[in-house]
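Asker: Next comes the structure file model-v5.cif, holding mmCIF, C-alpha atoms.
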data_target
#
loop_
_atom_site.group_PDB
_atom_site.id
_atom_site.type_symbol
_atom_site.label_atom_id
_atom_site.label_comp_id
_atom_site.auth_asym_id
_atom_site.auth_seq_id
_atom_site.Cartn_x
_atom_site.Cartn_y
_atom_site.Cartn_z
ATOM 1 C CA MET A 1493 -2.727 18.731 25.937
ATOM 2 C CA ASP A 1494 -0.366 15.787 25.787
ATOM 3 C CA ASN A 1495 0.096 13.336 22.907
ATOM 4 C CA VAL A 1496 -2.206 10.681 24.386
ATOM 5 C CA ASP A 1497 -5.068 13.164 24.727
ATOM 6 C CA LEU A 1498 -4.512 14.414 21.193
ATOM 7 C CA GLU A 1499 -4.442 10.864 19.796
ATOM 8 C CA GLU A 1500 -7.662 9.997 21.614
ATOM 9 C CA LYS A 1501 -9.320 13.184 20.366
ATOM 10 C CA LEU A 1502 -8.306 12.432 16.773
ATOM 11 C CA TYR A 1503 -9.427 8.807 17.114
ATOM 12 C CA ASP A 1504 -12.827 9.941 18.397
ATOM 13 C CA GLN A 1505 -13.104 12.589 15.675
ATOM 14 C CA TYR A 1506 -12.422 10.170 12.842
ATOM 15 C CA ARG A 1507 -14.558 7.434 14.375
ATOM 16 C CA GLU A 1508 -17.460 9.914 14.472
ATOM 17 C CA GLU A 1509 -16.833 11.034 10.871
ATOM 18 C CA LEU A 1510 -16.704 7.438 9.640
ATOM 19 C CA LYS A 1511 -19.813 6.562 11.651
ATOM 20 C CA MET A 1512 -21.724 9.457 10.076
ATOM 21 C CA ALA A 1513 -20.493 8.390 6.628
ATOM 22 C CA TYR A 1514 -21.498 4.787 7.317
ATOM 23 C CA ASP A 1515 -24.953 5.800 8.521
ATOM 24 C CA SER A 1516 -25.432 7.975 5.438
ATOM 25 C CA CYS A 1517 -24.716 4.936 3.234
ATOM 26 C CA LEU A 1518 -27.480 2.814 4.755
ATOM 27 C CA HIS A 1519 -30.650 3.324 2.749
ATOM 28 C CA THR A 1520 -33.739 1.369 3.796
ATOM 29 C CA GLY A 1521 -31.523 -1.298 5.331
ATOM 30 C CA THR A 1522 -29.225 -1.638 2.317
ATOM 31 C CA PHE A 1523 -25.536 -0.741 2.619
ATOM 32 C CA PHE A 1524 -24.047 1.060 -0.374
ATOM 33 C CA ALA A 1525 -20.387 0.088 -0.211
ATOM 34 C CA GLY A 1526 -19.239 2.202 -3.161
ATOM 35 C CA GLU A 1527 -20.663 5.312 -1.572
ATOM 36 C CA PHE A 1528 -19.016 4.470 1.755
ATOM 37 C CA ASN A 1529 -15.676 3.738 0.072
ATOM 38 C CA GLY A 1530 -15.775 7.214 -1.466
ATOM 39 C CA HIS A 1531 -16.211 8.710 2.005
ATOM 40 C CA VAL A 1532 -13.421 6.496 3.375
ATOM 41 C CA ASN A 1533 -10.983 7.790 0.750
ATOM 42 C CA THR A 1534 -11.819 11.413 1.505
ATOM 43 C CA ILE A 1535 -11.647 10.977 5.271
ATOM 44 C CA TRP A 1536 -8.366 9.031 4.991
ATOM 45 C CA THR A 1537 -6.757 11.978 3.197
ATOM 46 C CA TYR A 1538 -7.356 14.187 6.236
ATOM 47 C CA ALA A 1539 -6.671 11.485 8.826
ATOM 48 C CA LYS A 1540 -3.317 10.694 7.226
ATOM 49 C CA ASP A 1541 -2.380 14.389 7.297
ATOM 50 C CA ASP A 1542 -3.309 14.454 10.999
ATOM 51 C CA GLY A 1543 -0.931 11.567 11.692
ATOM 52 C CA ILE A 1544 -3.438 8.718 12.007
ATOM 53 C CA SER A 1545 -1.696 5.466 11.074
ATOM 54 C CA GLU A 1546 -3.113 3.011 8.547
ATOM 55 C CA ALA A 1547 -3.560 0.408 11.295
ATOM 56 C CA VAL A 1548 -5.528 2.783 13.526
ATOM 57 C CA PHE A 1549 -7.691 3.974 10.626
ATOM 58 C CA GLN A 1550 -8.401 0.370 9.656
ATOM 59 C CA ASP A 1551 -9.351 -0.405 13.267
ATOM 60 C CA ILE A 1552 -11.805 2.493 13.248
ATOM 61 C CA ILE A 1553 -13.357 1.306 9.968
ATOM 62 C CA ASP A 1554 -13.584 -2.252 11.271
ATOM 63 C CA GLU A 1555 -15.350 -0.955 14.383
ATOM 64 C CA VAL A 1556 -17.776 1.318 12.526
ATOM 65 C CA ALA A 1557 -18.606 -0.904 9.552
ATOM 66 C CA ASN A 1558 -18.249 -4.255 11.269
ATOM 67 C CA GLN A 1559 -21.303 -5.806 9.596
ATOM 68 C CA HIS A 1560 -20.135 -4.768 6.124
ATOM 69 C CA VAL A 1561 -16.369 -4.675 6.561
ATOM 70 C CA ASP A 1562 -15.945 -7.227 3.751
ATOM 71 C CA SER A 1563 -17.335 -4.611 1.344
ATOM 72 C CA VAL A 1564 -14.845 -1.913 2.333
ATOM 73 C CA ILE A 1565 -11.972 -1.087 0.016
ATOM 74 C CA TYR A 1566 -9.219 0.426 2.129
ATOM 75 C CA PRO A 1567 -7.260 3.319 0.596
ATOM 76 C CA PHE A 1568 -3.979 1.565 1.455
ATOM 77 C CA PRO A 1569 -2.622 -1.999 1.369
ATOM 78 C CA THR A 1570 -3.826 -4.171 4.231
ATOM 79 C CA LEU A 1571 -2.667 -7.570 5.377
ATOM 80 C CA MET A 1572 -5.850 -9.035 3.897
ATOM 81 C CA ASN A 1573 -5.116 -7.399 0.514
ATOM 82 C CA ILE A 1574 -1.503 -8.559 0.544
ATOM 83 C CA ALA A 1575 -2.479 -12.154 1.326
ATOM 84 C CA ALA A 1576 -5.001 -12.299 -1.518
#
Starting from the coordinates I provided, produce the structure as structure tokens.

Answerer:
Amino acid sequence: MDNVDLEEKLYDQYREELKMAYDSCLHTGTFFAGEFNGHVNTIWTYAKDDGISEAVFQDIIDEVANQHVDSVIYPFPTLMNIAA
């Protein structure tokens, strides 16, 4: 397996984990951001150890939680956080 395949596999794995976490934080149509942020922090710990960059992880979160991305607290500084 080459690096590109491994990166794609990890991307898909973490996208699926974040999607499951996101779905578990939707209760009767209400998004519970604090609950999701807890999942994000836990998943980031493993993703970082697997070599996922902050930018890629943020892209995955933005894709998965696009309707509620303003409620997400990223476990690392982002350009949006730095500008604020």

Asker: Which residue gives the smallest distance to Thr1537 in chain A among A:Ala1557, A:Lys1501, A:Phe1568, A:Asp1551, with only C-alpha atoms counted?

Answerer: A:Phe1568

Asker: With 3 Å of padding per side, what axis-aligned box (centre and edge lengths, Å, one decimal) covers all the listed atoms of range 1497-1511 of chain A? Give it as lines of an AutoDock Vina configuration file.

Answerer:
center_x = -12.1
center_y = 10.5
center_z = 17.2
size_x = 21.4
size_y = 13.9
size_z = 21.1

Asker: One decimal, in Å: what's the spacing between CA of Glu1509 in chain A and CA of Lys1540 in chain A?

Answerer: 14.0 Å

Asker: Can you spell out as a list in words the set of residues that the PyMOL selection byres ((chain A and resi 1533-1535) around 10) selects in the structure I just provided?

Answerer: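 On this input, the PyMOL selection byres ((chain A and resi 1533-1535) around 10) captures Tyr1506, Glu1509, Leu1510, Ala1513, Phe1528, Asn1529, Gly1530, His1531, Val1532, Trp1536, Thr1537, Tyr1538, Ala1539, Lys1540, Phe1549, Ile1565, Tyr1566, Pro1567 and Phe1568 of chain A.
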
Asker: Do you know which residues are at most 7 Å from Cys1517 in chain A counting all atoms listed in the file, after dropping those on the same chain fewer than 6 positions away, and could you put them as a list of chain:residue names?

Answerer: A:Phe1523, A:Phe1524, A:Glu1527, A:Phe1528
